[in-house]
file coords_0.cif (mmCIF, C-alpha atoms; chains and numbers go by the auth columns)
data_protein
#
loop_
_atom_site.group_PDB
_atom_site.id
_atom_site.type_symbol
_atom_site.label_atom_id
_atom_site.label_comp_id
_atom_site.label_asym_id
_atom_site.label_seq_id
_atom_site.Cartn_x
_atom_site.Cartn_y
_atom_site.Cartn_z
_atom_site.B_iso_or_equiv
_atom_site.auth_seq_id
_atom_site.auth_asym_id
ATOM 1 C CA MET A 1 -18.103 -12.813 -51.609 0.00 1 W
ATOM 2 C CA SER A 2 -17.279 -15.972 -49.695 0.00 2 W
ATOM 3 C CA LEU A 3 -17.652 -15.422 -45.959 0.00 3 W
ATOM 4 C CA TRP A 4 -16.940 -17.610 -42.945 0.00 4 W
ATOM 5 C CA ALA A 5 -18.388 -16.846 -39.524 0.00 5 W
ATOM 6 C CA ILE A 6 -16.102 -17.692 -36.593 0.00 6 W
ATOM 7 C CA VAL A 7 -17.825 -18.302 -33.265 0.00 7 W
ATOM 8 C CA PRO A 8 -15.584 -18.563 -30.180 0.00 8 W
ATOM 9 C CA VAL A 9 -17.181 -20.467 -27.297 0.00 9 W
ATOM 10 C CA LYS A 10 -16.068 -20.919 -23.701 0.00 10 W
ATOM 11 C CA PRO A 11 -16.842 -24.257 -21.997 0.00 11 W
ATOM 12 C CA LEU A 12 -20.569 -24.227 -21.225 0.00 12 W
ATOM 13 C CA ARG A 13 -20.087 -24.707 -17.482 0.00 13 W
ATOM 14 C CA ARG A 14 -17.486 -21.963 -17.224 0.00 14 W
ATOM 15 C CA GLY A 15 -19.058 -19.240 -19.324 0.00 15 W
ATOM 16 C CA LYS A 16 -20.876 -16.254 -17.801 0.00 16 W
ATOM 17 C CA SER A 17 -19.086 -16.506 -14.445 0.00 17 W
ATOM 18 C CA ARG A 18 -20.102 -12.916 -13.642 0.00 18 W
ATOM 19 C CA LEU A 19 -23.695 -14.145 -13.404 0.00 19 W
ATOM 20 C CA ALA A 20 -22.790 -16.578 -10.616 0.00 20 W
ATOM 21 C CA GLY A 21 -24.553 -14.432 -8.025 0.00 21 W
ATOM 22 C CA THR A 22 -27.750 -14.394 -10.091 0.00 22 W
ATOM 23 C CA LEU A 23 -27.886 -17.836 -11.726 0.00 23 W
ATOM 24 C CA THR A 24 -26.842 -21.293 -10.510 0.00 24 W
ATOM 25 C CA GLU A 25 -24.160 -23.210 -12.396 0.00 25 W
ATOM 26 C CA ASP A 26 -26.819 -25.399 -14.039 0.00 26 W
ATOM 27 C CA GLU A 27 -28.812 -22.310 -15.059 0.00 27 W
ATOM 28 C CA ARG A 28 -25.707 -20.677 -16.526 0.00 28 W
ATOM 29 C CA THR A 29 -24.867 -23.870 -18.419 0.00 29 W
ATOM 30 C CA ALA A 30 -28.387 -24.046 -19.858 0.00 30 W
ATOM 31 C CA LEU A 31 -28.231 -20.352 -20.782 0.00 31 W
ATOM 32 C CA ASN A 32 -24.868 -20.742 -22.517 0.00 32 W
ATOM 33 C CA GLN A 33 -26.125 -23.777 -24.437 0.00 33 W
ATOM 34 C CA GLU A 34 -29.232 -21.909 -25.562 0.00 34 W
ATOM 35 C CA LEU A 35 -27.155 -18.907 -26.680 0.00 35 W
ATOM 36 C CA LEU A 36 -24.833 -21.176 -28.678 0.00 36 W
ATOM 37 C CA LYS A 37 -27.709 -22.981 -30.408 0.00 37 W
ATOM 38 C CA ARG A 38 -29.464 -19.707 -31.179 0.00 38 W
ATOM 39 C CA THR A 39 -26.342 -18.167 -32.698 0.00 39 W
ATOM 40 C CA LEU A 40 -25.642 -21.274 -34.788 0.00 40 W
ATOM 41 C CA LYS A 41 -29.217 -21.400 -36.054 0.00 41 W
ATOM 42 C CA THR A 42 -29.082 -17.719 -37.030 0.00 42 W
ATOM 43 C CA LEU A 43 -25.819 -18.097 -38.934 0.00 43 W
ATOM 44 C CA THR A 44 -26.355 -21.459 -40.615 0.00 44 W
ATOM 45 C CA ASN A 45 -29.695 -20.328 -42.058 0.00 45 W
ATOM 46 C CA LEU A 46 -28.122 -17.364 -43.874 0.00 46 W
ATOM 47 C CA LYS A 47 -27.148 -17.990 -47.487 0.00 47 W
ATOM 48 C CA GLU A 48 -24.713 -15.065 -47.224 0.00 48 W
ATOM 49 C CA VAL A 49 -22.591 -17.067 -44.759 0.00 49 W
ATOM 50 C CA ASP A 50 -20.768 -19.895 -46.535 0.00 50 W
ATOM 51 C CA GLN A 51 -19.529 -21.694 -43.438 0.00 51 W
ATOM 52 C CA VAL A 52 -19.694 -21.422 -39.664 0.00 52 W
ATOM 53 C CA LEU A 53 -16.583 -22.360 -37.683 0.00 53 W
ATOM 54 C CA VAL A 54 -16.828 -22.856 -33.923 0.00 54 W
ATOM 55 C CA VAL A 55 -13.623 -22.725 -31.893 0.00 55 W
ATOM 56 C CA SER A 56 -13.653 -24.093 -28.343 0.00 56 W
ATOM 57 C CA ARG A 57 -11.768 -26.402 -26.024 0.00 57 W
ATOM 58 C CA ASP A 58 -15.044 -27.969 -24.841 0.00 58 W
ATOM 59 C CA SER A 59 -15.954 -31.153 -26.740 0.00 59 W
ATOM 60 C CA HIS A 60 -19.643 -30.724 -25.834 0.00 60 W
ATOM 61 C CA ASP A 61 -19.668 -27.257 -27.435 0.00 61 W
ATOM 62 C CA LEU A 62 -18.118 -28.727 -30.559 0.00 62 W
ATOM 63 C CA THR A 63 -20.642 -31.573 -30.721 0.00 63 W
ATOM 64 C CA ILE A 64 -23.508 -29.067 -30.605 0.00 64 W
ATOM 65 C CA ALA A 65 -21.777 -27.088 -33.355 0.00 65 W
ATOM 66 C CA ARG A 66 -21.371 -30.111 -35.626 0.00 66 W
ATOM 67 C CA ASN A 67 -25.010 -31.066 -35.058 0.00 67 W
ATOM 68 C CA HIS A 68 -25.879 -27.661 -36.515 0.00 68 W
ATOM 69 C CA GLY A 69 -23.691 -28.190 -39.572 0.00 69 W
ATOM 70 C CA ALA A 70 -20.755 -26.085 -38.395 0.00 70 W
ATOM 71 C CA LYS A 71 -17.082 -26.899 -38.751 0.00 71 W
ATOM 72 C CA THR A 72 -15.062 -27.017 -35.545 0.00 72 W
ATOM 73 C CA VAL A 73 -11.595 -26.325 -34.212 0.00 73 W
ATOM 74 C CA GLN A 74 -10.727 -27.815 -30.818 0.00 74 W
ATOM 75 C CA GLU A 75 -8.279 -25.789 -28.781 0.00 75 W
ATOM 76 C CA ASP A 76 -5.853 -27.469 -26.423 0.00 76 W
ATOM 77 C CA GLY A 77 -5.091 -25.945 -23.062 0.00 77 W
ATOM 78 C CA GLN A 78 -6.231 -22.386 -22.406 0.00 78 W
ATOM 79 C CA PRO A 79 -5.140 -20.200 -25.312 0.00 79 W
ATOM 80 C CA HIS A 80 -5.896 -16.487 -25.302 0.00 80 W
ATOM 81 C CA LEU A 81 -9.047 -15.616 -27.248 0.00 81 W
ATOM 82 C CA ASN A 82 -7.119 -13.626 -29.841 0.00 82 W
ATOM 83 C CA THR A 83 -4.743 -16.540 -30.427 0.00 83 W
ATOM 84 C CA ALA A 84 -7.663 -18.937 -30.858 0.00 84 W
ATOM 85 C CA LEU A 85 -9.348 -16.568 -33.324 0.00 85 W
ATOM 86 C CA THR A 86 -6.151 -16.183 -35.326 0.00 86 W
ATOM 87 C CA ARG A 87 -5.846 -19.967 -35.636 0.00 87 W
ATOM 88 C CA ALA A 88 -9.477 -20.242 -36.698 0.00 88 W
ATOM 89 C CA SER A 89 -8.975 -17.519 -39.293 0.00 89 W
ATOM 90 C CA VAL A 90 -6.060 -19.447 -40.770 0.00 90 W
ATOM 91 C CA VAL A 91 -8.354 -22.470 -41.169 0.00 91 W
ATOM 92 C CA ALA A 92 -10.882 -20.265 -42.975 0.00 92 W
ATOM 93 C CA GLN A 93 -8.202 -18.794 -45.229 0.00 93 W
ATOM 94 C CA VAL A 94 -6.958 -22.270 -46.154 0.00 94 W
ATOM 95 C CA HIS A 95 -10.457 -22.832 -47.553 0.00 95 W
ATOM 96 C CA ALA A 96 -10.062 -19.643 -49.627 0.00 96 W
ATOM 97 C CA THR A 97 -12.629 -17.537 -47.797 0.00 97 W
ATOM 98 C CA GLN A 98 -12.530 -13.867 -48.701 0.00 98 W
ATOM 99 C CA GLY A 99 -13.858 -12.537 -45.417 0.00 99 W
ATOM 100 C CA VAL A 100 -14.361 -13.573 -41.806 0.00 100 W
ATOM 101 C CA LEU A 101 -17.025 -12.510 -39.334 0.00 101 W
ATOM 102 C CA VAL A 102 -16.249 -13.012 -35.649 0.00 102 W
ATOM 103 C CA LEU A 103 -19.449 -13.252 -33.658 0.00 103 W
ATOM 104 C CA PRO A 104 -19.569 -14.133 -29.937 0.00 104 W
ATOM 105 C CA VAL A 105 -22.474 -16.234 -28.661 0.00 105 W
ATOM 106 C CA ASP A 106 -23.535 -13.804 -25.921 0.00 106 W
ATOM 107 C CA LEU A 107 -25.768 -11.627 -28.105 0.00 107 W
ATOM 108 C CA PRO A 108 -29.257 -12.760 -27.042 0.00 108 W
ATOM 109 C CA LEU A 109 -31.068 -10.242 -29.271 0.00 109 W
ATOM 110 C CA LEU A 110 -29.130 -11.161 -32.429 0.00 110 W
ATOM 111 C CA THR A 111 -31.254 -11.467 -35.582 0.00 111 W
ATOM 112 C CA PRO A 112 -30.471 -12.563 -39.146 0.00 112 W
ATOM 113 C CA GLU A 113 -31.109 -8.948 -40.179 0.00 113 W
ATOM 114 C CA ASP A 114 -28.271 -7.819 -37.900 0.00 114 W
ATOM 115 C CA VAL A 115 -25.828 -10.125 -39.653 0.00 115 W
ATOM 116 C CA ILE A 116 -27.039 -8.933 -43.061 0.00 116 W
ATOM 117 C CA ALA A 117 -26.532 -5.323 -41.948 0.00 117 W
ATOM 118 C CA LEU A 118 -22.899 -6.130 -41.138 0.00 118 W
ATOM 119 C CA ILE A 119 -22.352 -7.923 -44.441 0.00 119 W
ATOM 120 C CA ASP A 120 -23.964 -5.096 -46.431 0.00 120 W
ATOM 121 C CA ARG A 121 -21.366 -2.676 -45.045 0.00 121 W
ATOM 122 C CA ALA A 122 -18.496 -4.923 -46.159 0.00 122 W
ATOM 123 C CA ALA A 123 -18.607 -4.057 -49.856 0.00 123 W
ATOM 124 C CA LYS A 124 -15.542 -2.614 -51.578 0.00 124 W
ATOM 125 C CA PRO A 125 -12.697 -4.179 -49.598 0.00 125 W
ATOM 126 C CA PRO A 126 -10.360 -3.792 -47.881 0.00 126 W
ATOM 127 C CA VAL A 127 -12.870 -3.061 -45.156 0.00 127 W
ATOM 128 C CA VAL A 128 -13.309 -3.688 -41.431 0.00 128 W
ATOM 129 C CA VAL A 129 -16.854 -3.615 -40.032 0.00 129 W
ATOM 130 C CA ILE A 130 -17.221 -3.321 -36.262 0.00 130 W
ATOM 131 C CA ALA A 131 -20.273 -3.446 -33.998 0.00 131 W
ATOM 132 C CA PRO A 132 -19.420 -2.016 -30.555 0.00 132 W
ATOM 133 C CA ASP A 133 -21.135 -2.953 -27.328 0.00 133 W
ATOM 134 C CA ARG A 134 -23.617 -0.483 -25.859 0.00 134 W
ATOM 135 C CA HIS A 135 -20.864 1.111 -23.756 0.00 135 W
ATOM 136 C CA HIS A 136 -18.611 1.626 -26.794 0.00 136 W
ATOM 137 C CA LYS A 137 -15.826 -0.274 -25.076 0.00 137 W
ATOM 138 C CA GLY A 138 -15.982 -3.859 -26.324 0.00 138 W
ATOM 139 C CA THR A 139 -16.391 -5.386 -29.781 0.00 139 W
ATOM 140 C CA ASN A 140 -19.577 -7.422 -30.267 0.00 140 W
ATOM 141 C CA ALA A 141 -19.009 -8.252 -33.938 0.00 141 W
ATOM 142 C CA LEU A 142 -16.029 -7.899 -36.237 0.00 142 W
ATOM 143 C CA LEU A 143 -16.101 -8.503 -39.983 0.00 143 W
ATOM 144 C CA MET A 144 -13.060 -8.055 -42.186 0.00 144 W
ATOM 145 C CA VAL A 145 -12.459 -8.441 -45.889 0.00 145 W
ATOM 146 C CA PRO A 146 -9.952 -9.756 -46.705 0.00 146 W
ATOM 147 C CA ALA A 147 -9.540 -12.224 -43.863 0.00 147 W
ATOM 148 C CA GLY A 148 -6.457 -11.316 -41.859 0.00 148 W
ATOM 149 C CA GLN A 149 -6.693 -7.596 -42.661 0.00 149 W
ATOM 150 C CA ILE A 150 -6.048 -6.736 -38.993 0.00 150 W
ATOM 151 C CA GLU A 151 -4.901 -8.579 -35.885 0.00 151 W
ATOM 152 C CA TYR A 152 -7.489 -9.402 -33.237 0.00 152 W
ATOM 153 C CA GLU A 153 -7.534 -7.167 -30.174 0.00 153 W
ATOM 154 C CA PHE A 154 -10.454 -8.602 -28.172 0.00 154 W
ATOM 155 C CA GLY A 155 -10.471 -7.757 -24.473 0.00 155 W
ATOM 156 C CA GLU A 156 -11.182 -4.666 -22.374 0.00 156 W
ATOM 157 C CA GLY A 157 -11.302 -1.598 -24.613 0.00 157 W
ATOM 158 C CA SER A 158 -11.183 -3.641 -27.817 0.00 158 W
ATOM 159 C CA PHE A 159 -13.525 -1.392 -29.810 0.00 159 W
ATOM 160 C CA GLN A 160 -11.068 1.504 -29.891 0.00 160 W
ATOM 161 C CA ARG A 161 -8.121 -0.776 -30.607 0.00 161 W
ATOM 162 C CA HIS A 162 -9.904 -2.527 -33.480 0.00 162 W
ATOM 163 C CA CYS A 163 -10.824 0.861 -34.979 0.00 163 W
ATOM 164 C CA GLU A 164 -7.213 1.988 -34.752 0.00 164 W
ATOM 165 C CA ARG A 165 -5.970 -1.257 -36.300 0.00 165 W
ATOM 166 C CA ALA A 166 -8.388 -0.866 -39.202 0.00 166 W
ATOM 167 C CA ILE A 167 -7.330 2.702 -39.946 0.00 167 W
ATOM 168 C CA GLN A 168 -3.628 1.869 -39.641 0.00 168 W
ATOM 169 C CA SER A 169 -4.057 -1.045 -42.058 0.00 169 W
ATOM 170 C CA GLY A 170 -5.461 1.231 -44.750 0.00 170 W
ATOM 171 C CA ALA A 171 -8.855 -0.461 -44.704 0.00 171 W
ATOM 172 C CA ARG A 172 -12.153 1.416 -44.765 0.00 172 W
ATOM 173 C CA LEU A 173 -13.680 1.415 -41.275 0.00 173 W
ATOM 174 C CA GLU A 174 -17.421 0.885 -40.919 0.00 174 W
ATOM 175 C CA VAL A 175 -19.067 1.096 -37.484 0.00 175 W
ATOM 176 C CA VAL A 176 -22.503 -0.497 -37.178 0.00 176 W
ATOM 177 C CA GLU A 177 -24.539 0.545 -34.159 0.00 177 W
ATOM 178 C CA LEU A 178 -27.678 -1.491 -33.587 0.00 178 W
ATOM 179 C CA PRO A 179 -29.349 -1.964 -30.182 0.00 179 W
ATOM 180 C CA SER A 180 -29.624 -5.722 -30.745 0.00 180 W
ATOM 181 C CA LEU A 181 -25.910 -6.010 -31.516 0.00 181 W
ATOM 182 C CA GLY A 182 -24.912 -3.637 -28.734 0.00 182 W
ATOM 183 C CA LEU A 183 -26.418 -5.666 -25.915 0.00 183 W
ATOM 184 C CA ASP A 184 -24.188 -8.547 -24.859 0.00 184 W
ATOM 185 C CA LEU A 185 -25.067 -10.705 -21.879 0.00 185 W
ATOM 186 C CA ASP A 186 -22.169 -10.240 -19.512 0.00 186 W
ATOM 187 C CA ASP A 187 -23.349 -9.275 -16.042 0.00 187 W
ATOM 188 C CA PRO A 188 -26.543 -9.105 -13.910 0.00 188 W
ATOM 189 C CA GLU A 189 -27.373 -5.611 -15.216 0.00 189 W
ATOM 190 C CA ASP A 190 -27.433 -6.967 -18.802 0.00 190 W
ATOM 191 C CA LEU A 191 -29.579 -9.915 -17.739 0.00 191 W
ATOM 192 C CA GLU A 192 -32.109 -7.617 -16.064 0.00 192 W
ATOM 193 C CA LEU A 193 -32.265 -5.363 -19.137 0.00 193 W
ATOM 194 C CA ILE A 194 -32.875 -8.342 -21.415 0.00 194 W
ATOM 195 C CA ARG A 195 -35.637 -9.622 -19.142 0.00 195 W
ATOM 196 C CA LYS A 196 -37.329 -6.206 -19.222 0.00 196 W
ATOM 197 C CA LEU A 197 -37.129 -6.086 -23.019 0.00 197 W
ATOM 198 C CA GLU A 198 -38.603 -9.566 -23.317 0.00 198 W
ATOM 199 C CA ALA A 199 -41.385 -8.708 -20.868 0.00 199 W
ATOM 200 C CA SER A 200 -42.275 -5.598 -22.881 0.00 200 W
ATOM 201 C CA LYS A 201 -42.843 -7.767 -25.967 0.00 201 W
ATOM 202 C CA VAL A 202 -45.421 -9.959 -24.276 0.00 202 W
#

call {"tool": "encode", "arguments": {"input": "coords_0.cif", "output": "structure tokens"}}
result
Amino acid sequence: MSLWAIVPVKPLRRGKSRLAGTLTEDERTALNQELLKRTLKTLTNLKEVDQVLVVSRDSHDLTIARNHGAKTVQEDGQPHLNTALTRASVVAQVHATQGVLVLPVDLPLLTPEDVIALIDRAAKPPVVVIAPDRHHKGTNALLMVPAGQIEYEFGEGSFQRHCERAIQSGARLEVVELPSLGLDLDDPEDLELIRKLEASKV
């Protein structure tokens, strides 16, 4: 199966605004850059992922992506995330990809094994594979085969909406719950939890 990973990225200096009370702007920028590089390294080293496509309106984000061997789509203005993802999916489909995996960059515990676990559940299409956040509200990873099987519904409460879309489309729905995929870095509580997990490994 040919598979493209789509990675949406906010401008590095504007991402993680909810951490403004905990981290300075420079610290948030450095954190966002590190998360982007880590995600790109994880994806580009997997033979199961044919191509990584980063979509952003920030030229610096896109330069980092190209330096890691990823393709890029530069957005103009401030399009809604779902619109940007739809455009990126069209680019992937033009290159005859069979499936697309949408993976945000704010998953600090992401491992190659997590991505493989998602891909392993995508056999026998049509199928939609979803990894919810730890609160079962948001969507932390979304894989669909074929590409374009459902419309994107990212935003508050997206997990339930994506599940409903998958069922309505006639696709098989697979939900993958892994602690490392469930923890996205969004607010100070997440940051504190990640720091505790990292400290416990030392």

call {"tool": "atom_distance", "arguments": {"input": "coords_0.cif", "atom1": "CA of Leu81 in chain W", "atom2": "CA of Gln33 in chain W"}}
result
19.1 Å

call {"tool": "residues_near_point", "arguments": {"input": "coords_0.cif", "point": "(-14.6, -1.9, -35.5)", "cutoff": "6 Å", "atoms": "only C-alpha atoms", "output": "PyMOL selection string"}}
result
chain W and resi 129-130+159+162-163+175

call {"tool": "axis_aligned_box", "arguments": {"input": "coords_0.cif", "around": "range 95-113 of chain W", "padding_each_side": "5 Å", "output": "JSON"}}
result
{"center_x": -20.7, "center_y": -15.9, "center_z": -37.8, "size_x": 31.2, "size_y": 23.9, "size_z": 33.7}

call {"tool": "atom_distance", "arguments": {"input": "coords_0.cif", "atom1": "CA of Val145 in chain W", "atom2": "CA of Ala166 in chain W"}}
result
10.9 Å

call {"tool": "residues_near_point", "arguments": {"input": "coords_0.cif", "point": "(-15.3, -23.4, -39.3)", "cutoff": "6 Å", "atoms": "all atoms listed in the file", "output": "list in words"}}
result
Val52, Leu53, Val54, Lys71 and Thr72 of chain W

call {"tool": "resolve_selection", "arguments": {"input": "coords_0.cif", "expression": "the PyMOL selection byres ((chain W and resi 182) around 9)", "output": "tab-separated table (two decimals) with C-alpha atoms, keeping the file's coordinate frame"}}
result
chain	number	residue	atom	x	y	z
W	107	LEU	CA	-25.77	-11.63	-28.10
W	131	ALA	CA	-20.27	-3.45	-34.00
W	132	PRO	CA	-19.42	-2.02	-30.56
W	133	ASP	CA	-21.14	-2.95	-27.33
W	134	ARG	CA	-23.62	-0.48	-25.86
W	135	HIS	CA	-20.86	1.11	-23.76
W	136	HIS	CA	-18.61	1.63	-26.79
W	139	THR	CA	-16.39	-5.39	-29.78
W	140	ASN	CA	-19.58	-7.42	-30.27
W	177	GLU	CA	-24.54	0.55	-34.16
W	178	LEU	CA	-27.68	-1.49	-33.59
W	179	PRO	CA	-29.35	-1.96	-30.18
W	180	SER	CA	-29.62	-5.72	-30.74
W	181	LEU	CA	-25.91	-6.01	-31.52
W	183	LEU	CA	-26.42	-5.67	-25.92
W	184	ASP	CA	-24.19	-8.55	-24.86

call {"tool": "resolve_selection", "arguments": {"input": "coords_0.cif", "expression": "the PyMOL selection byres ((chain W and resi 35) around 10)", "output": "list in words"}}
result
Thr29, Ala30, Leu31, Asn32, Gln33, Glu34, Leu36, Lys37, Arg38, Thr39, Leu40, Lys41, Pro104, Val105, Asp106, Leu107, Pro108, Leu109, Leu110 and Leu185 of chain W

call {"tool": "resolve_selection", "arguments": {"input": "coords_0.cif", "expression": "the PyMOL selection byres ((chain W and resi 164) around 12)", "output": "list in words"}}
result
Val128, Ile130, Ile150, Glu151, Tyr152, Glu153, Gly157, Ser158, Phe159, Gln160, Arg161, His162, Cys163, Arg165, Ala166, Ile167, Gln168, Ser169, Gly170, Ala171, Arg172, Leu173 and Glu174 of chain W

call {"tool": "atom_distance", "arguments": {"input": "coords_0.cif", "atom1": "CA of Ile6 in chain W", "atom2": "CA of Gly138 in chain W"}}
result
17.2 Å

call {"tool": "closest_residue", "arguments": {"input": "coords_0.cif", "among": "W:Lys124, W:Val176, W:Leu118, W:Glu113", "to": "Leu46 in chain W", "atoms": "only C-alpha atoms"}}
result
W:Glu113

call {"tool": "closest_residue", "arguments": {"input": "coords_0.cif", "among": "W:Arg28, W:Arg87, W:Lys47, W:His80", "to": "Gly155 in chain W", "atoms": "all atoms listed in the file"}}
result
W:His80

call {"tool": "residues_around", "arguments": {"input": "coords_0.cif", "residues": "Val55 in chain W", "least_positions_apart": "3", "cutoff": "8 Å", "atoms": "only C-alpha atoms", "output": "VMD selection string"}}
result
chain W and resid 6 to 9 62 72 to 75 84 to 85 88

call {"tool": "decode", "arguments": {"input": "coords_0.cif", "residues": "range 108-143 of chain W", "atoms": "C-alpha atoms", "output": "short mmCIF file (atom, residue, chain, number, x, y, z; two decimals), in the first residue's frame"}}
result
data_model
loop_
_atom_site.label_atom_id
_atom_site.label_comp_id
_atom_site.auth_asym_id
_atom_site.auth_seq_id
_atom_site.Cartn_x
_atom_site.Cartn_y
_atom_site.Cartn_z
CA PRO W 108 5.94 14.33 22.08
CA LEU W 109 5.83 10.61 22.96
CA LEU W 110 5.30 9.45 19.36
CA THR W 111 7.38 6.42 18.33
CA PRO W 112 7.85 4.61 15.01
CA GLU W 113 6.03 1.66 16.60
CA ASP W 114 2.96 3.85 17.11
CA VAL W 115 2.84 4.68 13.41
CA ILE W 116 3.27 1.01 12.50
CA ALA W 117 0.40 0.12 14.84
CA LEU W 118 -1.85 2.54 12.94
CA ILE W 119 -0.75 1.20 9.56
CA ASP W 120 -1.24 -2.42 10.65
CA ARG W 121 -4.90 -1.68 11.39
CA ALA W 122 -5.44 -0.23 7.90
CA ALA W 123 -5.59 -3.53 6.02
CA LYS W 124 -8.66 -4.45 3.98
CA PRO W 125 -9.93 -1.04 2.87
CA PRO W 126 -12.08 0.94 2.90
CA VAL W 127 -10.96 1.66 6.43
CA VAL W 128 -10.57 4.65 8.75
CA VAL W 129 -8.11 4.32 11.65
CA ILE W 130 -8.39 6.88 14.45
CA ALA W 131 -6.25 7.50 17.53
CA PRO W 132 -8.15 9.67 20.04
CA ASP W 133 -6.56 11.96 22.58
CA ARG W 134 -6.49 10.81 26.20
CA HIS W 135 -9.79 12.59 26.88
CA HIS W 136 -11.52 10.88 23.95
CA LYS W 137 -12.50 14.24 22.52
CA GLY W 138 -9.89 15.15 19.92
CA THR W 139 -8.25 13.20 17.10
CA ASN W 140 -4.49 12.71 17.47
CA ALA W 141 -4.01 10.59 14.34
CA LEU W 142 -6.25 9.79 11.40
CA LEU W 143 -5.44 7.25 8.69
#
